[in-house]
$ cat final-v5.cif   # mmCIF, C-alpha atoms
data_coords
loop_
_atom_site.group_PDB
_atom_site.id
_atom_site.type_symbol
_atom_site.label_atom_id
_atom_site.label_comp_id
_atom_site.auth_asym_id
_atom_site.auth_seq_id
_atom_site.Cartn_x
_atom_site.Cartn_y
_atom_site.Cartn_z
ATOM 1 C CA ASP A 1 0.000 0.000 0.000
ATOM 2 C CA GLU A 2 1.185 3.469 -0.772
ATOM 3 C CA GLY A 3 0.686 6.632 1.215
ATOM 4 C CA PRO A 4 1.898 8.086 4.471
ATOM 5 C CA ALA A 5 2.268 5.781 7.450
ATOM 6 C CA ARG A 6 -0.277 6.359 10.188
ATOM 7 C CA ALA A 7 1.167 6.800 13.650
ATOM 8 C CA ASP A 8 -1.262 6.257 16.516
ATOM 9 C CA ALA A 9 0.338 7.490 19.711
ATOM 10 C CA GLY A 10 0.082 4.990 22.507
ATOM 11 C CA ALA A 11 -1.495 2.281 20.324
ATOM 12 C CA GLY A 12 -0.056 -1.206 20.545
ATOM 13 C CA PRO A 13 0.235 -3.623 17.657
ATOM 14 C CA ALA A 14 -3.062 -4.414 15.989
ATOM 15 C CA ALA A 15 -4.565 -7.829 16.620
ATOM 16 C CA PRO A 16 -5.142 -9.974 13.549
ATOM 17 C CA ALA A 17 -8.660 -9.748 12.161
ATOM 18 C CA THR A 18 -9.163 -13.513 12.212
ATOM 19 C CA ALA A 19 -7.527 -16.283 14.109
ATOM 20 C CA SER A 20 -5.627 -18.779 12.028
ATOM 21 C CA SER A 21 -7.184 -22.204 11.724
ATOM 22 C CA PRO A 22 -5.365 -25.059 13.416
ATOM 23 C CA THR A 23 -3.109 -27.204 11.268
ATOM 24 C CA PRO A 24 -4.637 -30.672 10.908
ATOM 25 C CA ALA A 25 -2.799 -33.655 12.276
ATOM 26 C CA ARG A 26 -0.872 -35.186 9.385
ATOM 27 C CA VAL A 27 -1.535 -38.782 8.469
ATOM 28 C CA ASP A 28 0.772 -41.325 6.868
ATOM 29 C CA ALA A 29 -1.187 -41.570 3.610
ATOM 30 C CA VAL A 30 0.901 -44.452 2.246
ATOM 31 C CA ARG A 31 0.306 -46.552 5.361
ATOM 32 C CA LEU A 32 -3.380 -45.634 5.266
ATOM 33 C CA ILE A 33 -3.681 -46.821 1.630
ATOM 34 C CA LYS A 34 -1.614 -49.974 2.077
ATOM 35 C CA GLY A 35 -3.545 -50.996 5.198
ATOM 36 C CA ASP A 36 -6.985 -50.341 3.729
ATOM 37 C CA PRO A 37 -8.850 -53.512 2.658
ATOM 38 C CA ALA A 38 -11.076 -51.383 0.368
ATOM 39 C CA VAL A 39 -8.081 -50.374 -1.793
ATOM 40 C CA SER A 40 -7.477 -52.753 -4.697
ATOM 41 C CA ALA A 41 -4.452 -55.045 -4.718
ATOM 42 C CA GLU A 42 -3.364 -53.432 -8.000
ATOM 43 C CA VAL A 43 -3.226 -49.908 -6.516
ATOM 44 C CA LYS A 44 -1.336 -51.212 -3.474
ATOM 45 C CA ARG A 45 1.113 -53.152 -5.658
ATOM 46 C CA GLU A 46 1.814 -50.124 -7.871
ATOM 47 C CA LEU A 47 2.213 -47.697 -4.939
ATOM 48 C CA LYS A 48 6.000 -47.448 -4.794
ATOM 49 C CA PRO A 49 8.337 -44.515 -4.225
ATOM 50 C CA CYS A 50 9.158 -42.505 -7.341
ATOM 51 C CA VAL A 51 12.405 -41.085 -5.931
ATOM 52 C CA ALA A 52 14.083 -42.196 -2.699
ATOM 53 C CA ASP A 53 11.185 -42.416 -0.214
ATOM 54 C CA GLU A 54 8.814 -39.992 -1.977
ATOM 55 C CA TYR A 55 5.534 -41.670 -2.890
ATOM 56 C CA PRO A 56 3.196 -40.354 -5.619
ATOM 57 C CA VAL A 57 0.340 -39.307 -3.339
ATOM 58 C CA ASP A 58 -1.463 -36.004 -2.915
ATOM 59 C CA VAL A 59 -3.145 -35.460 0.446
ATOM 60 C CA SER A 60 -5.785 -32.849 1.332
ATOM 61 C CA TYR A 61 -7.434 -32.179 4.678
ATOM 62 C CA GLY A 62 -10.853 -30.609 5.152
ATOM 63 C CA ASN A 63 -14.321 -31.023 6.544
ATOM 64 C CA LEU A 64 -16.437 -33.201 4.260
ATOM 65 C CA THR A 65 -18.396 -35.346 6.722
ATOM 66 C CA GLY A 66 -19.182 -32.911 9.533
ATOM 67 C CA GLU A 67 -16.816 -34.482 12.076
ATOM 68 C CA ALA A 68 -14.831 -32.326 14.499
ATOM 69 C CA ARG A 69 -11.572 -33.584 12.959
ATOM 70 C CA ASP A 70 -10.747 -33.002 9.317
ATOM 71 C CA ASP A 71 -11.345 -35.736 6.770
ATOM 72 C CA VAL A 72 -8.430 -36.849 4.604
ATOM 73 C CA VAL A 73 -8.516 -37.058 0.799
ATOM 74 C CA VAL A 74 -5.743 -39.176 -0.719
ATOM 75 C CA ASN A 75 -5.015 -39.326 -4.447
ATOM 76 C CA VAL A 76 -2.647 -42.055 -5.645
ATOM 77 C CA LEU A 77 -0.810 -41.118 -8.845
ATOM 78 C CA THR A 78 1.588 -42.735 -11.282
ATOM 79 C CA CYS A 79 5.217 -41.630 -11.070
ATOM 80 C CA GLY A 80 5.887 -40.861 -14.733
ATOM 81 C CA ASP A 81 2.914 -38.761 -15.794
ATOM 82 C CA ALA A 82 1.052 -38.171 -12.494
ATOM 83 C CA VAL A 83 -2.133 -39.860 -13.682
ATOM 84 C CA GLY A 84 -4.559 -40.519 -10.825
ATOM 85 C CA VAL A 85 -5.105 -44.253 -10.299
ATOM 86 C CA GLY A 86 -7.160 -43.990 -7.136
ATOM 87 C CA ALA A 87 -8.938 -41.391 -5.009
ATOM 88 C CA TYR A 88 -10.033 -42.062 -1.428
ATOM 89 C CA VAL A 89 -11.678 -40.226 1.467
ATOM 90 C CA TYR A 90 -10.966 -41.195 5.070
ATOM 91 C CA ARG A 91 -13.065 -40.106 8.043
ATOM 92 C CA HIS A 92 -11.701 -40.024 11.570
ATOM 93 C CA GLN A 93 -13.210 -42.735 13.729
ATOM 94 C CA GLY A 94 -12.000 -43.957 17.115
ATOM 95 C CA ASP A 95 -8.199 -44.189 17.096
ATOM 96 C CA GLY A 96 -7.802 -44.038 13.307
ATOM 97 C CA TYR A 97 -9.430 -43.407 9.979
ATOM 98 C CA VAL A 98 -12.028 -45.367 8.017
ATOM 99 C CA ASN A 99 -12.494 -45.327 4.241
ATOM 100 C CA VAL A 100 -15.807 -43.670 3.304
ATOM 101 C CA PHE A 101 -15.185 -43.189 -0.446
ATOM 102 C CA SER A 102 -13.137 -44.889 -3.167
ATOM 103 C CA ALA A 103 -12.766 -44.296 -6.900
ATOM 104 C CA GLU A 104 -10.307 -46.469 -8.811
ATOM 105 C CA GLU A 105 -11.209 -45.884 -12.465
ATOM 106 C CA PRO A 106 -8.088 -44.122 -13.822
ATOM 107 C CA PRO A 107 -7.550 -41.367 -14.525
ATOM 108 C CA VAL A 108 -9.283 -39.952 -11.459
ATOM 109 C CA TYR A 109 -8.581 -37.123 -9.011
ATOM 110 C CA ALA A 110 -10.534 -35.946 -5.938
ATOM 111 C CA GLU A 111 -10.552 -32.526 -4.289
ATOM 112 C CA ILE A 112 -12.367 -30.667 -1.530
ATOM 113 C CA ASP A 113 -14.374 -27.671 -2.716
ATOM 114 C CA ARG A 114 -16.366 -25.657 -0.157
ATOM 115 C CA GLY A 115 -17.225 -28.735 1.884
ATOM 116 C CA ASP A 116 -18.087 -30.924 -1.116
ATOM 117 C CA LEU A 117 -16.085 -33.765 -2.622
ATOM 118 C CA VAL A 118 -15.333 -33.093 -6.288
ATOM 119 C CA VAL A 119 -14.086 -36.019 -8.374
ATOM 120 C CA THR A 120 -12.708 -35.445 -11.870
ATOM 121 C CA LYS A 121 -12.395 -38.299 -14.347
ATOM 122 C CA GLN A 122 -10.635 -37.760 -17.667
ATOM 123 C CA VAL A 123 -12.418 -39.106 -20.755
ATOM 124 C CA TYR A 124 -10.512 -40.463 -23.735
ATOM 125 C CA ASP A 125 -11.691 -41.216 -27.251
ATOM 126 C CA ARG A 126 -10.035 -44.002 -29.197
ATOM 127 C CA GLY A 127 -6.529 -42.950 -30.155
ATOM 128 C CA ASP A 128 -6.196 -40.117 -27.612
ATOM 129 C CA PRO A 129 -2.737 -39.979 -26.029
ATOM 130 C CA VAL A 130 -2.625 -39.940 -22.211
ATOM 131 C CA SER A 131 -1.527 -36.303 -22.365
ATOM 132 C CA SER A 132 -4.596 -35.246 -24.384
ATOM 133 C CA PRO A 133 -7.971 -36.451 -23.097
ATOM 134 C CA SER A 134 -11.074 -35.626 -25.130
ATOM 135 C CA GLY A 135 -12.890 -34.322 -22.071
ATOM 136 C CA GLU A 136 -13.699 -34.826 -18.437
ATOM 137 C CA VAL A 137 -16.567 -35.727 -16.150
ATOM 138 C CA VAL A 138 -16.732 -33.705 -12.930
ATOM 139 C CA ILE A 139 -18.895 -35.217 -10.191
ATOM 140 C CA THR A 140 -19.746 -33.314 -7.015
ATOM 141 C CA TYR A 141 -20.681 -35.364 -3.947
ATOM 142 C CA ARG A 142 -22.143 -34.183 -0.645
ATOM 143 C CA TRP A 143 -22.131 -36.106 2.634
ATOM 144 C CA LEU A 144 -25.739 -36.962 3.522
ATOM 145 C CA SER A 145 -27.108 -39.578 5.910
ATOM 146 C CA GLY A 146 -23.727 -41.185 6.526
ATOM 147 C CA ARG A 147 -22.543 -41.499 2.908
ATOM 148 C CA PHE A 148 -21.526 -39.462 -0.136
ATOM 149 C CA ASP A 149 -24.440 -38.709 -2.423
ATOM 150 C CA GLU A 150 -23.971 -37.431 -5.990
ATOM 151 C CA LYS A 151 -25.341 -33.876 -6.334
ATOM 152 C CA TYR A 152 -24.027 -32.643 -9.683
ATOM 153 C CA ARG A 153 -22.417 -34.140 -12.775
ATOM 154 C CA THR A 154 -20.830 -32.084 -15.538
ATOM 155 C CA HIS A 155 -19.327 -33.373 -18.781
ATOM 156 C CA ASN A 156 -16.804 -31.093 -20.451
ATOM 157 C CA GLU A 157 -15.549 -31.801 -23.951
ATOM 158 C CA TYR A 158 -12.232 -30.297 -24.954
ATOM 159 C CA GLY A 159 -12.016 -28.765 -28.402
ATOM 160 C CA PRO A 160 -9.040 -29.399 -30.625
ATOM 161 C CA VAL A 161 -6.201 -26.944 -30.065
ATOM 162 C CA ALA A 162 -5.525 -26.831 -33.786
ATOM 163 C CA GLY A 163 -7.647 -27.777 -36.760
ATOM 164 C CA ALA A 164 -7.808 -31.368 -37.967
ATOM 165 C CA ALA A 165 -5.547 -30.616 -40.932
ATOM 166 C CA PRO A 166 -2.393 -28.520 -40.703
ATOM 167 C CA THR A 167 -2.641 -25.097 -42.263
ATOM 168 C CA PRO A 168 0.037 -24.499 -44.911
ATOM 169 C CA ALA A 169 2.471 -21.683 -44.234
ATOM 170 C CA PRO A 170 1.824 -18.577 -46.324
ATOM 171 C CA GLU A 171 4.129 -18.172 -49.269
ATOM 172 C CA GLY A 172 6.032 -15.004 -49.322
#

$ encode --input "final-v5.cif" --output "structure tokens"
Amino acid sequence: DEGPARADAGAGPAAPATASSPTPARVDAVRLIKGDPAVSAEVKRELKPCVADEYPVDVSYGNLTGEARDDVVVNVLTCGDAVGVGAYVYRHQGDGYVNVFSAEEPPVYAEIDRGDLVVTKQVYDRGDPVSSPSGEVVITYRWLSGRFDEKYRTHNEYGPVAGAAPTPAPEG
């Protein structure tokens, strides 16, 4: 901000407008996935470190199920191209976490958006390379009556970046 500094005589430092939210307790996402009987043997078998001891997992914390403790969203990815092979939601229960949602139809990725679970699944037409899906399906789930219930589904089709046939360079 520009402008002259305001000096309030006798005023102490201003208190922050909002208190910061507590940092959630971190979970060992790899151990959670490998110990979960709901996770397929294939996902468990493929879940290996990409480099040293760094596993291809993305972890998000947030309130999806209304519990006092944050829920945990874990996305398991491939090492080479970071394609989502599994998306899971864990709810705190007792001394640990219990799986309350699984999606294992690659490519899949789950996120928390304003208290809803949003799952994105890439759609491929025949011949599409992994790097260029034809579209995506975005499904929004809300926690109702002890389970995730689908609320919205959107299908987005991606247009071609260039025309089907290359355009010849102008002669000059």

$ closest_atom_pairs --input "final-v5.cif" --of "range 62-143 of chain A" --to "range 31-43 of chain A" --cutoff "9 Å" --atoms "all atoms listed in the file" --output "Markdown table"
| residue | atom | partner | partner_atom | distance |
| --- | --- | --- | --- | --- |
| A:Val74 | CA | A:Ile33 | CA | 8.3 |
| A:Val76 | CA | A:Val43 | CA | 7.9 |
| A:Val85 | CA | A:Val43 | CA | 7.1 |
| A:Gly86 | CA | A:Val43 | CA | 7.1 |
| A:Tyr88 | CA | A:Ile33 | CA | 8.5 |
| A:Tyr90 | CA | A:Leu32 | CA | 8.8 |
| A:Tyr97 | CA | A:Leu32 | CA | 8.0 |
| A:Val98 | CA | A:Asp36 | CA | 8.3 |
| A:Asn99 | CA | A:Ala38 | CA | 7.3 |
| A:Ser102 | CA | A:Val39 | CA | 7.6 |
| A:Glu104 | CA | A:Ser40 | CA | 8.0 |

$ resolve_selection --input "final-v5.cif" --expression "the PyMOL selection byres ((chain A and resi 120) around 6)" --output "ChimeraX atom specification"
/A:108-109,119,121,137-138

$ closest_residue --input "final-v5.cif" --among "A:Val73, A:Leu64, A:Val89, A:Val83" --to "Gln122 in chain A" --atoms "only C-alpha atoms"
A:Val83

$ resolve_selection --input "final-v5.cif" --expression "the PyMOL selection byres ((chain A and resi 132-135) around 10)" --output "PyMOL selection string"
chain A and resi 107+121-131+136-138+155-160

$ write_last_selection --input "final-v5.cif" --atoms "C-alpha atoms" --output "short mmCIF file (atom, residue, chain, number, x, y, z; two decimals), keeping the file's coordinate frame"
data_model
loop_
_atom_site.label_atom_id
_atom_site.label_comp_id
_atom_site.auth_asym_id
_atom_site.auth_seq_id
_atom_site.Cartn_x
_atom_site.Cartn_y
_atom_site.Cartn_z
CA PRO A 107 -7.55 -41.37 -14.52
CA LYS A 121 -12.40 -38.30 -14.35
CA GLN A 122 -10.64 -37.76 -17.67
CA VAL A 123 -12.42 -39.11 -20.76
CA TYR A 124 -10.51 -40.46 -23.74
CA ASP A 125 -11.69 -41.22 -27.25
CA ARG A 126 -10.04 -44.00 -29.20
CA GLY A 127 -6.53 -42.95 -30.16
CA ASP A 128 -6.20 -40.12 -27.61
CA PRO A 129 -2.74 -39.98 -26.03
CA VAL A 130 -2.62 -39.94 -22.21
CA SER A 131 -1.53 -36.30 -22.36
CA GLU A 136 -13.70 -34.83 -18.44
CA VAL A 137 -16.57 -35.73 -16.15
CA VAL A 138 -16.73 -33.70 -12.93
CA HIS A 155 -19.33 -33.37 -18.78
CA ASN A 156 -16.80 -31.09 -20.45
CA GLU A 157 -15.55 -31.80 -23.95
CA TYR A 158 -12.23 -30.30 -24.95
CA GLY A 159 -12.02 -28.76 -28.40
CA PRO A 160 -9.04 -29.40 -30.62
#

$ closest_residue --input "final-v5.cif" --among "A:Val57, A:Ile139, A:Ala87, A:Leu47" --to "Asp116 in chain A" --atoms "all atoms listed in the file"
A:Ile139

$ resolve_selection --input "final-v5.cif" --expression "the PyMOL selection byres ((chain A and resi 67) around 12)" --output "list in words"
Gly62, Asn63, Leu64, Thr65, Gly66, Ala68, Arg69, Asp70, Asp71, Val72, Tyr90, Arg91, His92, Gln93, Gly94, Tyr97, Gly115, Trp143 and Gly146 of chain A

$ closest_residue --input "final-v5.cif" --among "A:Gly96, A:Leu77, A:Thr154, A:Ser145" --to "Pro49 in chain A" --atoms "only C-alpha atoms"
A:Leu77

$ closest_residue --input "final-v5.cif" --among "A:Lys151, A:Ala25, A:Gly84, A:Arg142" --to "Glu105 in chain A" --atoms "all atoms listed in the file"
A:Gly84

$ atom_distance --input "final-v5.cif" --atom1 "CA of Tyr152 in chain A" --atom2 "CA of Ser60 in chain A"
21.3 Å

$ atom_distance --input "final-v5.cif" --atom1 "CA of Ala82 in chain A" --atom2 "CA of Ile112 in chain A"
18.9 Å

$ closest_residue --input "final-v5.cif" --among "A:Val100, A:Ala110, A:Leu144, A:Val30" --to "Glu46 in chain A" --atoms "all atoms listed in the file"
A:Val30

$ residues_around --input "final-v5.cif" --residues "Lys48 in chain A" --least-positions-apart "5" --cutoff "10 Å" --atoms "all atoms listed in the file" --output "list in words"
Val30, Val43, Asp53, Glu54, Tyr55, Pro56, Thr78 and Cys79 of chain A

$ axis_aligned_box --input "final-v5.cif" --around "range 25-40 of chain A" --padding-each-side "6 Å" --output "lines of an AutoDock Vina configuration file"
center_x = -5.1
center_y = -43.6
center_z = 3.8
size_x = 24.0
size_y = 31.9
size_z = 29.0

$ atom_distance --input "final-v5.cif" --atom1 "CA of Glu150 in chain A" --atom2 "CA of Arg26 in chain A"
27.8 Å

$ build_atoms --input "final-v5.cif" --residues "range 65-76 of chain A" --atoms "all heavy atoms" --output "PDB file, in the coordinates of the input"
ATOM      1  N   THR A  65     -17.374 -34.496   6.103  1.00  0.00           N
ATOM      2  CA  THR A  65     -18.396 -35.346   6.722  1.00  0.00           C
ATOM      3  C   THR A  65     -18.994 -34.763   8.006  1.00  0.00           C
ATOM      4  O   THR A  65     -19.800 -35.426   8.651  1.00  0.00           O
ATOM      5  CB  THR A  65     -17.830 -36.745   7.031  1.00  0.00           C
ATOM      6  OG1 THR A  65     -16.791 -36.622   8.009  1.00  0.00           O
ATOM      7  CG2 THR A  65     -17.297 -37.411   5.776  1.00  0.00           C
ATOM      8  N   GLY A  66     -18.594 -33.556   8.370  1.00  0.00           N
ATOM      9  CA  GLY A  66     -19.182 -32.911   9.533  1.00  0.00           C
ATOM     10  C   GLY A  66     -18.564 -33.309  10.860  1.00  0.00           C
ATOM     11  O   GLY A  66     -19.046 -32.905  11.909  1.00  0.00           O
ATOM     12  N   GLU A  67     -17.500 -34.088  10.837  1.00  0.00           N
ATOM     13  CA  GLU A  67     -16.816 -34.482  12.076  1.00  0.00           C
ATOM     14  C   GLU A  67     -16.003 -33.311  12.616  1.00  0.00           C
ATOM     15  O   GLU A  67     -15.652 -32.395  11.872  1.00  0.00           O
ATOM     16  CB  GLU A  67     -15.870 -35.657  11.795  1.00  0.00           C
ATOM     17  CG  GLU A  67     -16.577 -36.971  11.643  1.00  0.00           C
ATOM     18  CD  GLU A  67     -17.227 -37.443  12.933  1.00  0.00           C
ATOM     19  OE1 GLU A  67     -16.548 -37.539  13.966  1.00  0.00           O
ATOM     20  OE2 GLU A  67     -18.434 -37.705  12.887  1.00  0.00           O
ATOM     21  N   ALA A  68     -15.648 -33.374  13.882  1.00  0.00           N
ATOM     22  CA  ALA A  68     -14.831 -32.326  14.499  1.00  0.00           C
ATOM     23  C   ALA A  68     -13.430 -32.319  13.902  1.00  0.00           C
ATOM     24  O   ALA A  68     -12.840 -31.260  13.723  1.00  0.00           O
ATOM     25  CB  ALA A  68     -14.767 -32.535  16.012  1.00  0.00           C
ATOM     26  N   ARG A  69     -12.898 -33.495  13.582  1.00  0.00           N
ATOM     27  CA  ARG A  69     -11.572 -33.584  12.959  1.00  0.00           C
ATOM     28  C   ARG A  69     -11.716 -33.600  11.453  1.00  0.00           C
ATOM     29  O   ARG A  69     -12.697 -34.119  10.915  1.00  0.00           O
ATOM     30  CB  ARG A  69     -10.850 -34.842  13.415  1.00  0.00           C
ATOM     31  CG  ARG A  69     -10.439 -34.754  14.881  1.00  0.00           C
ATOM     32  CD  ARG A  69      -9.778 -36.002  15.305  1.00  0.00           C
ATOM     33  NE  ARG A  69      -8.333 -35.855  15.250  1.00  0.00           N
ATOM     34  CZ  ARG A  69      -7.507 -36.779  15.726  1.00  0.00           C
ATOM     35  NH1 ARG A  69      -7.986 -37.886  16.245  1.00  0.00           N
ATOM     36  NH2 ARG A  69      -6.221 -36.599  15.669  1.00  0.00           N
ATOM     37  N   ASP A  70     -10.716 -33.047  10.773  1.00  0.00           N
ATOM     38  CA  ASP A  70     -10.747 -33.002   9.317  1.00  0.00           C
ATOM     39  C   ASP A  70     -10.740 -34.395   8.712  1.00  0.00           C
ATOM     40  O   ASP A  70     -10.130 -35.323   9.249  1.00  0.00           O
ATOM     41  CB  ASP A  70      -9.542 -32.230   8.776  1.00  0.00           C
ATOM     42  CG  ASP A  70      -9.731 -30.731   8.831  1.00  0.00           C
ATOM     43  OD1 ASP A  70     -10.878 -30.276   8.978  1.00  0.00           O
ATOM     44  OD2 ASP A  70      -8.727 -30.011   8.713  1.00  0.00           O
ATOM     45  N   ASP A  71     -11.409 -34.524   7.578  1.00  0.00           N
ATOM     46  CA  ASP A  71     -11.345 -35.736   6.770  1.00  0.00           C
ATOM     47  C   ASP A  71     -10.076 -35.650   5.931  1.00  0.00           C
ATOM     48  O   ASP A  71      -9.480 -34.578   5.779  1.00  0.00           O
ATOM     49  CB  ASP A  71     -12.571 -35.824   5.859  1.00  0.00           C
ATOM     50  CG  ASP A  71     -13.863 -35.838   6.659  1.00  0.00           C
ATOM     51  OD1 ASP A  71     -14.040 -36.774   7.462  1.00  0.00           O
ATOM     52  OD2 ASP A  71     -14.685 -34.918   6.495  1.00  0.00           O
ATOM     53  N   VAL A  72      -9.656 -36.785   5.378  1.00  0.00           N
ATOM     54  CA  VAL A  72      -8.430 -36.849   4.604  1.00  0.00           C
ATOM     55  C   VAL A  72      -8.764 -37.380   3.211  1.00  0.00           C
ATOM     56  O   VAL A  72      -9.380 -38.432   3.072  1.00  0.00           O
ATOM     57  CB  VAL A  72      -7.399 -37.787   5.278  1.00  0.00           C
ATOM     58  CG1 VAL A  72      -6.105 -37.838   4.477  1.00  0.00           C
ATOM     59  CG2 VAL A  72      -7.129 -37.352   6.710  1.00  0.00           C
ATOM     60  N   VAL A  73      -8.364 -36.629   2.187  1.00  0.00           N
ATOM     61  CA  VAL A  73      -8.516 -37.058   0.799  1.00  0.00           C
ATOM     62  C   VAL A  73      -7.134 -37.451   0.299  1.00  0.00           C
ATOM     63  O   VAL A  73      -6.192 -36.670   0.398  1.00  0.00           O
ATOM     64  CB  VAL A  73      -9.107 -35.940  -0.086  1.00  0.00           C
ATOM     65  CG1 VAL A  73      -9.163 -36.382  -1.542  1.00  0.00           C
ATOM     66  CG2 VAL A  73     -10.484 -35.535   0.408  1.00  0.00           C
ATOM     67  N   VAL A  74      -7.029 -38.677  -0.213  1.00  0.00           N
ATOM     68  CA  VAL A  74      -5.743 -39.176  -0.719  1.00  0.00           C
ATOM     69  C   VAL A  74      -5.918 -39.544  -2.188  1.00  0.00           C
ATOM     70  O   VAL A  74      -6.808 -40.317  -2.540  1.00  0.00           O
ATOM     71  CB  VAL A  74      -5.264 -40.413   0.069  1.00  0.00           C
ATOM     72  CG1 VAL A  74      -3.928 -40.908  -0.480  1.00  0.00           C
ATOM     73  CG2 VAL A  74      -5.160 -40.108   1.553  1.00  0.00           C
ATOM     74  N   ASN A  75      -5.072 -38.975  -3.031  1.00  0.00           N
ATOM     75  CA  ASN A  75      -5.015 -39.326  -4.447  1.00  0.00           C
ATOM     76  C   ASN A  75      -3.721 -40.076  -4.691  1.00  0.00           C
ATOM     77  O   ASN A  75      -2.643 -39.594  -4.330  1.00  0.00           O
ATOM     78  CB  ASN A  75      -5.046 -38.069  -5.325  1.00  0.00           C
ATOM     79  CG  ASN A  75      -6.411 -37.420  -5.332  1.00  0.00           C
ATOM     80  OD1 ASN A  75      -7.329 -37.933  -5.941  1.00  0.00           O
ATOM     81  ND2 ASN A  75      -6.537 -36.298  -4.641  1.00  0.00           N
ATOM     82  N   VAL A  76      -3.821 -41.260  -5.291  1.00  0.00           N
ATOM     83  CA  VAL A  76      -2.647 -42.055  -5.645  1.00  0.00           C
ATOM     84  C   VAL A  76      -2.408 -41.840  -7.135  1.00  0.00           C
ATOM     85  O   VAL A  76      -3.321 -41.999  -7.947  1.00  0.00           O
ATOM     86  CB  VAL A  76      -2.859 -43.555  -5.337  1.00  0.00           C
ATOM     87  CG1 VAL A  76      -1.650 -44.365  -5.761  1.00  0.00           C
ATOM     88  CG2 VAL A  76      -3.143 -43.755  -3.850  1.00  0.00           C
TER      89      VAL A  76
END
